[in-house]
Each structure stands twice: as structure tokens, then as C-alpha cells.
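Enquirer: This is the structure I want to talk about, given as C-alpha cells.
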Amino acid sequence: MIESPLLEKLTGYIGGRWTDSAQGNTFDVYNPATGEVIAKVPSMPAEDIEAAIAAGKSALKLTSPYSIETRRKWLEDIRDGLKDNREEIGRILCMEHGKPWKEAQGEVDYAAGFFDYCAKHIQALDAHTIPEKPKDCTWTVHYRPIGVAGLITPWNFPIGMIAKKLSAALAAGCPSVIKPASETPLTMIALFSLMDKLDLPDGMVNLVMGKASVIGKVLCESPDVPMLSFTGSTEVGRKLIVDTADQVKKLALELGGNAPYIVFEDADLDAAADNLIANKFRGGGQTCVCANRIFVHEKVADAFGEKLAERVNKMTVGDGMNEGVDIGPLVNKQGFDKVKRHLEDALDKGANLVAGKQPGELGDGLFFPPTVVLGVNREMCCYQEETFGPLVPMALFRTEEEVIEAGNDTEFGLASYVFTADPDRAQRVAAGLRFGHVGWNTGTGPTPEAPFGGMKASGIGREGGLEGLFEFVEPQTVPRGF
Ligand code: ADP
């Protein structure tokens with residue numbers, strides 16, 4: 001069992017108190033590197049979720065709102081708490097998720113960056129008077145907190161994803177009811193241990209854990225939760241849209257991706273390969289911004305494949321707690337089986353293995369070696385679905401028009417990447433790609449300063465940047481007559 005000063009309590013947190021009325025109903029949390037159960041946490045009943053919403057409601061202040069200074073202080077305190085505890089939170093995150101410890105610590109820094117950004121820019125949420133005087137009145141715009149927000153996060157960034165949502169919710173003055181993924185609740189409990197020591201009003205942050213269907217139902221049906229912010233699969237996102245339609249709730253959704261990574265014949269192939277390694281194998285390939293379809297111009301495909309294989313063959317797969325490990329285990333058996341299925345399907349349908357192992361040589365555990373295949377086409381599962389693992393499928397292309405069309409040949413529109421030395425071509429391709437993020441000669445993902453989110457079935461709304469800061473407020477106009 002995992003031990004940590006940040007995990008002294010292993011329960012939910014409601015109205016400023018550690019709370020557990022699950023009466024011994026628990027679920028297991030595993031270390032995916034060893035398969036061991038490292039903690040048991042409560043599967044909270046619907047009454048607890050309702051109590052968390054009620055606590056949130058009592059912390060919502062409309063007529064005497066929390067001042068900008070107060071909210072800024074909350075954000076700065078959480079940022080500092082994360083920075084001071086980056087190693088320990090990183091260790092917990094590594095143990096329940098599997099990503100390398102250093103990468104996990106980097107995620108804690110990343111999370112702190114969102115609180116920092118919101119603290120620095122919170123003034124943008126202050127009321128302002130419109131300089132023009134439409135209809136002979138003086139018009140003031142206030143940014144009111146939307147109310148109690150349900151924040152639902154996935155397991156692939158156990159601290160990063162909640163940081164994006166919670167920083168903006170707190171900046172707006174919105175209390176929240178937070179549900180972590182069942183694979184990674186411990187990092188969230190650690191965050192609540194930090195927040196428990198801060199001067200946050202009781203009920204401002206509430207933690208609920210357990211069955212997604214139970215928690216989701218209460219959050220969708222409660223009239224006291226006007227907004228849900230969710231990161232996860234498009235399938236669940238669609239369900240939330242349907243289940244909240246009656247109440248017309250505000251939804252912020254960051255859903256699946258199927259990122260194209262386009263390498264033109266004039267690209268710096270070493271830079272394209274280095275960026276692909278960093279992008280594709282972050283979190284073991286289990287992120288929604290990981291390149292999923294690599295389109296390489298036919299003139300450079302062999303050279304690029306060699307560069308990639310050279311790099312991939314040097315990578316180490318293992319327990320993320322061990323020094324020198326580049327790729328940890330996949331988070332669970334379901335994830336492992338999906339990557340294996342995609343590899344088998346691609347090889348069966350004619351792709352060639354450039355680096356990695358044959359499906360029959362994969363061995364025990366959840367460790368999947370970095371694998372590169374060439375000759376992928378749209379009939380294959382790895383082209384159509386998000387693989388969420390360390391499989392690099394390469395397809396060939398000839399023209400710019402063809403590759404823009406191929407890149408867009410998906411219902412998703414989250415992240416995309418284009419490598420070319422020609423700035424005009426980069427601009428044309430970026431404009432043609434229906435993706436919320438287009439990296440030009442970089443595989444970098446979202447940052448706190450820039451708005452990030454999806455087009456098409458990849459979601460609604462943005463996180464990060466000023467756009468993200470405004471997600472949890474309702475603009476209210478107050479015209480004053482003379
Ligand atoms: P992933 O593939 O990352 O597990 P999911 O969409 O299944 O993506 O899960 C993302 C988050 O949404 C997790 O916290 C999960 O428990 C939660 N979730 C799953 N189903 C529902 C639901 N019906 N209502 C609310 N939350 C849900």
C-alpha cells in the first residue's frame with residue numbers, strides 16, 4: 001500500500017471536511033507497473049454527491065462576491081503548494097499512472113502554471129464599463145460566477161487536467177464538485193490535502209469518487225450545477241450533452257483526438273523525428289495530443305523512418321519509478337489490448353514493422369515497446385481510432401492538398417502538427433486543418449498561456465489563456481439609465 005504524508009486521509013472531501021459515508025464500499029487503485037493494489041478508496045453514494053453540491057451551493061457568493069484579491073490569493077496558494085510538493089505529488093502520480101517520475105514532476109509544474117496564469121490575469125474578470133453609450137445609458141459588464149461546477153477529469157494527466165479546470169473555476173469564484181478518474185484518485189486526494197490547509201471557504205472545493213454512472217447522473221440532473229467541465233472520451237462527452245439537454249447546462253468538453261503529424265519533403269527531418277519522439281511517447285502515448293497518424297512525404301519516408309527507428313531503439317520501457325525509464329506501462333489491460341489490436345490489424349492489412357516487436361513477442365505486464373509501422377492506410381484501426389499508446393503509424397502522401405484532406409479525414413479536431421521549412425505552406429496547411437491546435441515545426445502541446453481545445457467532435461470551449469479564464473463566468477450587462 002502506498003504511504004505518503006499527503007495521503008493520510010483516503011476519503012472524499014465535502015464542505016471543508018474529509019468525508020466518507022460509503023460504509024466500506026471501496027474500489028482498488030493499482031500501480032500499473034507492478035499490478036499491485038496500492039490503495040482502496042471509497043465508492044461514494046449518490047447522497048454524498050448531493051451533499052457535495054449542497055456544500056458548493058453554500059460557498060457560492062453572489063451578492064457579496066469574493067474579491068479579486070481573495071481569489072488571486074487562493075490561486076497563488078495552490079500554485080505554491082504544488083511547487084513545494086512537486087516531488088511527492090510526482091511520486092504518487094507515477095505510482096498510480098505509471099508515467100516516468102521526472103515526467104510526473106513536470107506535470108506538477110505544468111499544473112502550477114495554470115494557477116499562476118489565472119492569478120496573474122484575474123484582473124481581466126473585473127467589471128468594466130463600455131466606452132460607447134448605446135441607448136443613452138451607461139453600460140457595465142460584470143463577469144458573474146456561473147455557479148457550482150462539476151469538474152470531471154481523466155487519468156492521463158491526473159494533476160494537469162484538474163489544474164486547468166479548477167484554476168479557472170476558482171478565478172471566477174465558482175465552487176466545484178470534482179470527480180477524478182477511478183484509475184488515478186490519489187493525486188487528487190494529495191491536491192485536496194494541500195487545499196485543506198489553505199484558507200479556502202468550506203464547500204469551495206469538494207471531492208467525490210466512485211462509480212462514474214452514479215456521480216454523472218447526480219451532476220447532470222441537479223439544478224444546482226449549471227455547468228460541467230469534462231475531459232475524456234467523445235463517447236462520454238456525447239452522453240453528457242444528451243443528459244444535460246433538458247436543463248440546458250453549460251458544457252466545457254475536451255474530448256478525443258486523432259492528431260495528424262505531417263512531415264513535408266523540405267522539413268528538417270531530425271527536428272521532426274525528435275519532436276515526434278517527445279510528442280508521441282509523452283505519457284506512454286496516452287494523451288489526446290499525441291500524434292496518431294504520421295503522414296510523411298513519399299520522398300523522405302525511408303529516411304524519416306530510419307531516423308525514427310534509430311531513436312526508438314534507444315528508448316527504455318519500465319517502471320516509471322526507475323531512473324532512465326522513458327516509457328512506463330500502459331494504464332490498464334484494456335489500454336494494452338487496444339494498442340495490441342491496432343498493431344495486429346495494421347500488420348494483417350499490409351503495414352511493415354520498422355521498429356518495435358511483433359505482437360507475439362510482447363511479454364507480460366502492461367509494458368508496450370515503442371513501435372513504428374510504415375504503410376498505414378485509412379482501412380486500418382490505427383488510422384480511424386485514437387490508439388492511446390506507443391504505436392507510431394506512418395502513411396505516405398504526395399501533395400499538399402491530399403495531405404490536408406487526409407489530416408481532416410476524421411471526426412476529431414484537437415491537435416495537429418506540420419513540419420515544413422516553407423512559411424507560406426505552413427500557413428496554408430494550418431488554415432486548412434480543422435484542428436484547435438496546429439504545431440508548426442514543433443510537437444509541443446497546450447500551455448497555460450494559450451487557449452486549447454477542439455473543433456468538431458473534439459469538444460466545446462477552451463482551457464488555458466484568457467479564453468479559458470472566461471469559461472466559468474457569465475457576462476451580465478447592467479445598463480444604468482440617467
Ligand atoms: P477515458 O477513456 O479517459 O477513461 P472516459 O470518458 O471513460 O475516458 O472517462 C473520463 C472521466 O469521465 C473519468 O473520470 C470517468 O470516470 C468519467 N466518466 C465516465 N463515464 C461517465 C458518466 N457517464 N458521467 C460522468 N462521468 C463519467
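By convention here, the chains of the C-alpha cells are called A, B, ... in the order presented, each chain's residues are numbered starting at 1, and ligands are numbered starting at 1 in the order presented.
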Produce as a PyMOL selection string the set of residues near ligand 1, where near means within 10 Å with only C-alpha atoms and all ligand atoms considered.
Expert: chain A and resi 150-158+178-185+209-220+228+230-240+243+254-256+286-288+331+334-335+388
Enquirer: Take the residues just selected and output them with C-alpha atoms as a CSV table (one decimal), in the first residue's frame.
Expert:
chain,number,residue,atom,x,y,z
A,150,GLY,CA,-18.9,19.8,-11.8
A,151,LEU,CA,-15.3,19.0,-12.9
A,152,ILE,CA,-14.7,15.5,-14.3
A,153,THR,CA,-11.2,14.5,-15.2
A,154,PRO,CA,-9.5,11.6,-16.9
A,155,TRP,CA,-6.5,9.6,-15.7
A,156,ASN,CA,-3.9,10.6,-18.3
A,157,PHE,CA,-2.9,13.9,-16.6
A,158,PRO,CA,-4.1,13.3,-13.0
A,178,ILE,CA,-14.6,17.3,-8.5
A,179,LYS,CA,-14.6,13.8,-9.8
A,180,PRO,CA,-11.2,12.2,-10.6
A,181,ALA,CA,-10.9,9.1,-12.8
A,182,SER,CA,-11.0,5.9,-10.8
A,183,GLU,CA,-7.6,4.9,-12.1
A,184,THR,CA,-5.9,8.0,-10.5
A,185,PRO,CA,-7.8,9.3,-7.5
A,209,MET,CA,-15.1,9.4,-6.0
A,210,GLY,CA,-16.7,6.2,-7.1
A,211,LYS,CA,-19.0,5.0,-9.9
A,212,ALA,CA,-19.0,7.3,-12.9
A,213,SER,CA,-22.6,6.5,-13.7
A,214,VAL,CA,-23.8,7.4,-10.1
A,215,ILE,CA,-21.8,10.6,-9.9
A,216,GLY,CA,-22.5,11.6,-13.5
A,217,LYS,CA,-26.3,11.2,-13.0
A,218,VAL,CA,-26.4,13.4,-10.0
A,219,LEU,CA,-24.3,16.1,-11.6
A,220,CYS,CA,-26.3,16.0,-14.8
A,228,LEU,CA,-20.0,20.7,-16.2
A,230,PHE,CA,-15.3,17.4,-18.7
A,231,THR,CA,-12.2,15.9,-20.2
A,232,GLY,CA,-12.4,12.4,-21.5
A,233,SER,CA,-13.8,10.3,-24.3
A,234,THR,CA,-16.1,11.7,-27.0
A,235,GLU,CA,-18.5,8.8,-26.2
A,236,VAL,CA,-19.0,10.1,-22.6
A,237,GLY,CA,-19.0,13.7,-23.8
A,238,ARG,CA,-21.9,12.9,-26.1
A,239,LYS,CA,-23.7,11.3,-23.2
A,240,LEU,CA,-23.3,14.4,-21.1
A,243,ASP,CA,-28.1,14.0,-20.2
A,254,GLU,CA,-12.3,18.4,-24.1
A,255,LEU,CA,-12.8,15.1,-25.9
A,256,GLY,CA,-10.9,12.7,-28.1
A,286,GLN,CA,-1.7,8.1,-23.7
A,287,THR,CA,-2.6,11.7,-24.3
A,288,CYS,CA,-5.2,13.3,-26.6
A,331,VAL,CA,-2.6,2.4,-17.5
A,334,GLN,CA,-7.9,-2.6,-21.7
A,335,GLY,CA,-5.5,0.1,-23.0
A,388,PHE,CA,-3.6,5.9,-26.9
Enquirer: Name all residues at most 9 Å from Arg311 of chain A (count only C-alpha atoms; drop same-chain ones fewer than 3 positions away) and give them as a PyMOL selection string.
Expert: chain A and resi 273-274+277+306-308+314-315
Enquirer: Store the residues picked out above in a file with C-alpha atoms, as a PDB file, in the first residue's frame.
Expert:
ATOM      1  CA  ALA A 273      11.890  12.981 -35.516  1.00  0.00           C
ATOM      2  CA  ASP A 274      12.968  14.487 -32.161  1.00  0.00           C
ATOM      3  CA  ILE A 277       9.523  11.173 -30.044  1.00  0.00           C
ATOM      4  CA  GLU A 306      15.318   5.276 -40.268  1.00  0.00           C
ATOM      5  CA  LYS A 307      15.776   8.315 -38.055  1.00  0.00           C
ATOM      6  CA  LEU A 308      12.746   7.337 -36.049  1.00  0.00           C
ATOM      7  CA  LYS A 314      17.344   3.544 -27.737  1.00  0.00           C
ATOM      8  CA  MET A 315      14.245   4.032 -25.584  1.00  0.00           C
TER       9      MET A 315
END
Enquirer: Check segment 274-346 of chain A with DSSP on the backbone and list each residue it calls helix (DSSP H, G or I), as a PyMOL selection string.
Expert: chain A and resi 274-280+282-285+301-312+333-346
Enquirer: Go ahead and save the picked residues with N, CA and C atoms, as an mmCIF file, in the first residue's frame.
Expert:
data_model
loop_
_atom_site.group_PDB
_atom_site.id
_atom_site.type_symbol
_atom_site.label_atom_id
_atom_site.label_comp_id
_atom_site.auth_asym_id
_atom_site.auth_seq_id
_atom_site.Cartn_x
_atom_site.Cartn_y
_atom_site.Cartn_z
ATOM 1 N N ASP A 274 12.821 14.187 -33.599
ATOM 2 C CA ASP A 274 12.968 14.487 -32.161
ATOM 3 C C ASP A 274 11.638 14.936 -31.563
ATOM 4 N N ASN A 275 10.946 15.803 -32.297
ATOM 5 C CA ASN A 275 9.655 16.295 -31.792
ATOM 6 C C ASN A 275 8.622 15.183 -31.745
ATOM 7 N N LEU A 276 8.699 14.301 -32.713
ATOM 8 C CA LEU A 276 7.723 13.204 -32.708
ATOM 9 C C LEU A 276 7.959 12.284 -31.506
ATOM 10 N N ILE A 277 9.212 12.023 -31.207
ATOM 11 C CA ILE A 277 9.523 11.173 -30.044
ATOM 12 C C ILE A 277 8.955 11.830 -28.774
ATOM 13 N N ALA A 278 9.230 13.129 -28.619
ATOM 14 C CA ALA A 278 8.766 13.825 -27.409
ATOM 15 C C ALA A 278 7.246 13.867 -27.353
ATOM 16 N N ASN A 279 6.636 14.095 -28.512
ATOM 17 C CA ASN A 279 5.181 14.234 -28.564
ATOM 18 C C ASN A 279 4.490 12.889 -28.410
ATOM 19 N N LYS A 280 4.970 11.912 -29.144
ATOM 20 C CA LYS A 280 4.246 10.640 -29.238
ATOM 21 C C LYS A 280 4.357 9.798 -27.968
ATOM 22 N N ARG A 282 5.049 10.875 -24.812
ATOM 23 C CA ARG A 282 4.674 11.506 -23.541
ATOM 24 C C ARG A 282 3.523 10.697 -22.935
ATOM 25 N N GLY A 283 3.670 10.394 -21.661
ATOM 26 C CA GLY A 283 2.603 9.613 -21.007
ATOM 27 C C GLY A 283 2.412 8.255 -21.669
ATOM 28 N N GLY A 284 3.479 7.738 -22.276
ATOM 29 C CA GLY A 284 3.374 6.428 -22.936
ATOM 30 C C GLY A 284 2.469 6.445 -24.152
ATOM 31 N N GLY A 285 2.265 7.642 -24.710
ATOM 32 C CA GLY A 285 1.397 7.748 -25.891
ATOM 33 C C GLY A 285 -0.073 7.887 -25.518
ATOM 34 N N ALA A 301 10.180 9.359 -46.822
ATOM 35 C CA ALA A 301 9.623 8.374 -45.885
ATOM 36 C C ALA A 301 10.683 7.399 -45.370
ATOM 37 N N ASP A 302 11.526 6.899 -46.245
ATOM 38 C CA ASP A 302 12.527 5.926 -45.792
ATOM 39 C C ASP A 302 13.532 6.581 -44.850
ATOM 40 N N ALA A 303 13.996 7.765 -45.238
ATOM 41 C CA ALA A 303 14.982 8.467 -44.404
ATOM 42 C C ALA A 303 14.374 8.798 -43.043
ATOM 43 N N PHE A 304 13.127 9.241 -43.038
ATOM 44 C CA PHE A 304 12.482 9.602 -41.776
ATOM 45 C C PHE A 304 12.254 8.351 -40.920
ATOM 46 N N GLY A 305 11.843 7.269 -41.563
ATOM 47 C CA GLY A 305 11.625 6.003 -40.850
ATOM 48 C C GLY A 305 12.903 5.537 -40.165
ATOM 49 N N GLU A 306 14.029 5.693 -40.854
ATOM 50 C CA GLU A 306 15.318 5.276 -40.268
ATOM 51 C C GLU A 306 15.665 6.119 -39.049
ATOM 52 N N LYS A 307 15.465 7.417 -39.177
ATOM 53 C CA LYS A 307 15.776 8.315 -38.055
ATOM 54 C C LYS A 307 14.912 7.975 -36.838
ATOM 55 N N LEU A 308 13.681 7.667 -37.137
ATOM 56 C CA LEU A 308 12.746 7.337 -36.049
ATOM 57 C C LEU A 308 13.153 6.018 -35.376
ATOM 58 N N ALA A 309 13.451 5.031 -36.209
ATOM 59 C CA ALA A 309 13.821 3.713 -35.676
ATOM 60 C C ALA A 309 15.071 3.809 -34.810
ATOM 61 N N GLU A 310 16.034 4.602 -35.279
ATOM 62 C CA GLU A 310 17.279 4.815 -34.521
ATOM 63 C C GLU A 310 16.973 5.332 -33.111
ATOM 64 N N ARG A 311 16.076 6.302 -33.041
ATOM 65 C CA ARG A 311 15.740 6.906 -31.744
ATOM 66 C C ARG A 311 14.907 5.949 -30.891
ATOM 67 N N VAL A 312 13.946 5.319 -31.528
ATOM 68 C CA VAL A 312 13.032 4.430 -30.796
ATOM 69 C C VAL A 312 13.800 3.242 -30.199
ATOM 70 N N LYS A 333 -5.199 -2.971 -18.601
ATOM 71 C CA LYS A 333 -5.211 -4.069 -19.574
ATOM 72 C C LYS A 333 -6.008 -3.687 -20.828
ATOM 73 N N GLN A 334 -7.089 -2.994 -20.589
ATOM 74 C CA GLN A 334 -7.944 -2.553 -21.712
ATOM 75 C C GLN A 334 -7.136 -1.693 -22.696
ATOM 76 N N GLY A 335 -6.332 -0.787 -22.139
ATOM 77 C CA GLY A 335 -5.498 0.078 -22.966
ATOM 78 C C GLY A 335 -4.440 -0.724 -23.703
ATOM 79 N N PHE A 336 -3.833 -1.661 -22.997
ATOM 80 C CA PHE A 336 -2.794 -2.509 -23.605
ATOM 81 C C PHE A 336 -3.385 -3.304 -24.773
ATOM 82 N N ASP A 337 -4.544 -3.897 -24.533
ATOM 83 C CA ASP A 337 -5.167 -4.731 -25.565
ATOM 84 C C ASP A 337 -5.528 -3.911 -26.811
ATOM 85 N N LYS A 338 -5.898 -2.654 -26.581
ATOM 86 C CA LYS A 338 -6.264 -1.812 -27.728
ATOM 87 C C LYS A 338 -5.039 -1.541 -28.608
ATOM 88 N N VAL A 339 -3.913 -1.221 -27.994
ATOM 89 C CA VAL A 339 -2.708 -0.939 -28.781
ATOM 90 C C VAL A 339 -2.294 -2.209 -29.534
ATOM 91 N N LYS A 340 -2.379 -3.343 -28.857
ATOM 92 C CA LYS A 340 -2.012 -4.614 -29.491
ATOM 93 C C LYS A 340 -2.929 -4.898 -30.693
ATOM 94 N N ARG A 341 -4.208 -4.654 -30.480
ATOM 95 C CA ARG A 341 -5.180 -4.876 -31.569
ATOM 96 C C ARG A 341 -4.849 -3.981 -32.766
ATOM 97 N N HIS A 342 -4.497 -2.732 -32.494
ATOM 98 C CA HIS A 342 -4.163 -1.813 -33.591
ATOM 99 C C HIS A 342 -2.921 -2.277 -34.336
ATOM 100 N N LEU A 343 -1.928 -2.782 -33.612
ATOM 101 C CA LEU A 343 -0.702 -3.255 -34.258
ATOM 102 C C LEU A 343 -1.008 -4.493 -35.110
ATOM 103 N N GLU A 344 -1.730 -5.439 -34.537
ATOM 104 C CA GLU A 344 -2.064 -6.673 -35.280
ATOM 105 C C GLU A 344 -2.844 -6.347 -36.547
ATOM 106 N N ASP A 345 -3.804 -5.463 -36.392
ATOM 107 C CA ASP A 345 -4.662 -5.091 -37.522
ATOM 108 C C ASP A 345 -3.833 -4.435 -38.640
ATOM 109 N N ALA A 346 -2.907 -3.531 -38.255
ATOM 110 C CA ALA A 346 -2.091 -2.844 -39.262
ATOM 111 C C ALA A 346 -1.197 -3.852 -39.984
#
Enquirer: Based on the backbone DSSP call, show me all residues of segment 40-129 of chain A assigned strand (DSSP E), as a list of chain:residue names.
Expert: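 Checking each residue of segment 40-129 of chain A, the strand (DSSP E) ones are A:Lys40, A:Val41, A:Pro42, A:His128, A:Thr129.
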Enquirer: Could you save those same residues with N, CA and C atoms as a compact mmCIF listing (two decimals), in the first residue's frame?
Expert:
# COMPACT_ATOMS: atom_id res chain seq x y z
N LYS A 40 -7.16 1.64 -1.36
CA LYS A 40 -8.60 1.41 -1.53
C LYS A 40 -9.29 2.72 -1.19
N VAL A 41 -10.11 3.21 -2.07
CA VAL A 41 -10.78 4.49 -1.80
C VAL A 41 -12.30 4.30 -1.91
N PRO A 42 -13.05 5.14 -1.20
CA PRO A 42 -14.49 4.91 -1.14
C PRO A 42 -15.22 5.13 -2.46
N HIS A 128 -16.25 46.03 -16.19
CA HIS A 128 -15.81 47.22 -16.91
C HIS A 128 -17.00 47.92 -17.56
N THR A 129 -16.82 49.20 -17.78
CA THR A 129 -17.88 49.99 -18.40
C THR A 129 -17.55 50.18 -19.87
Enquirer: Which of these residues is nearest to Gly257 of chain A, using only C-alpha atoms: A:Glu411, A:Asp109, A:Asp326, A:Glu69?
Expert: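 Ranking A:Glu411, A:Asp109, A:Asp326, A:Glu69 by distance to Gly257 of chain A, first place goes to A:Glu411.
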Enquirer: Would you mind listing, for every residue of segment 91-180 of chain A within 12 Å of segment 2-25 of chain A, the two atoms forming the shortest contact and the distance between them in Å to one decimal, using only C-alpha atoms, sorted by chain and ascending residue number, as a Markdown table?
Expert:
| residue | atom | partner | partner_atom | distance |
| --- | --- | --- | --- | --- |
| A:Arg91 | CA | A:Ser4 | CA | 9.4 |
| A:Ile92 | CA | A:Ile2 | CA | 8.1 |
| A:Leu93 | CA | A:Ile2 | CA | 11.2 |
| A:Cys94 | CA | A:Ile2 | CA | 11.5 |
| A:Met95 | CA | A:Ile2 | CA | 8.4 |
| A:Glu96 | CA | A:Ile2 | CA | 9.5 |
| A:Pro175 | CA | A:Gly15 | CA | 10.3 |
| A:Ser176 | CA | A:Ile14 | CA | 10.3 |
| A:Val177 | CA | A:Ile14 | CA | 8.7 |
| A:Ile178 | CA | A:Tyr13 | CA | 9.5 |
| A:Lys179 | CA | A:Gly12 | CA | 9.7 |
| A:Pro180 | CA | A:Gly12 | CA | 10.8 |
Enquirer: Report as number ranges by chain all protein, DNA and RNA residues lying within 8 Å of segment 366-369 of chain A, evaluated on only C-alpha atoms, omitting residues in the same chain fewer than 5 positions from it.
Expert: A: 32-33, 317-318, 328-333, 336, 356-357, 389-390
Enquirer: May I ask which of the residues A:Ala124, A:Met394, A:Ala421, A:Ile460 is the closest one to His297 of chain A, counting only C-alpha atoms?
Expert: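 The answer is A:Met394, which sits nearest to His297 of chain A.
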Enquirer: Which residues are close to Ile89 of chain A, i.e. within 9 Å by only C-alpha atoms, leaving aside same-chain residues fewer than 3 positions away? Reply as a list in words.
Expert: Leu6, Leu82, Asn85, Arg86, Ile92, Leu93, Cys94, Ala104, Gln105, Val108, Ile159, Thr187, Ala190 and Leu191 of chain A
Enquirer: Taking into account only C-alpha atoms, which residue in the set A:Gln358, A:Thr447, A:Asn292, A:Asn408 is nearest to Ala395 of chain A?
Expert: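 Closest residue, counting only C-alpha atoms: A:Asn292.
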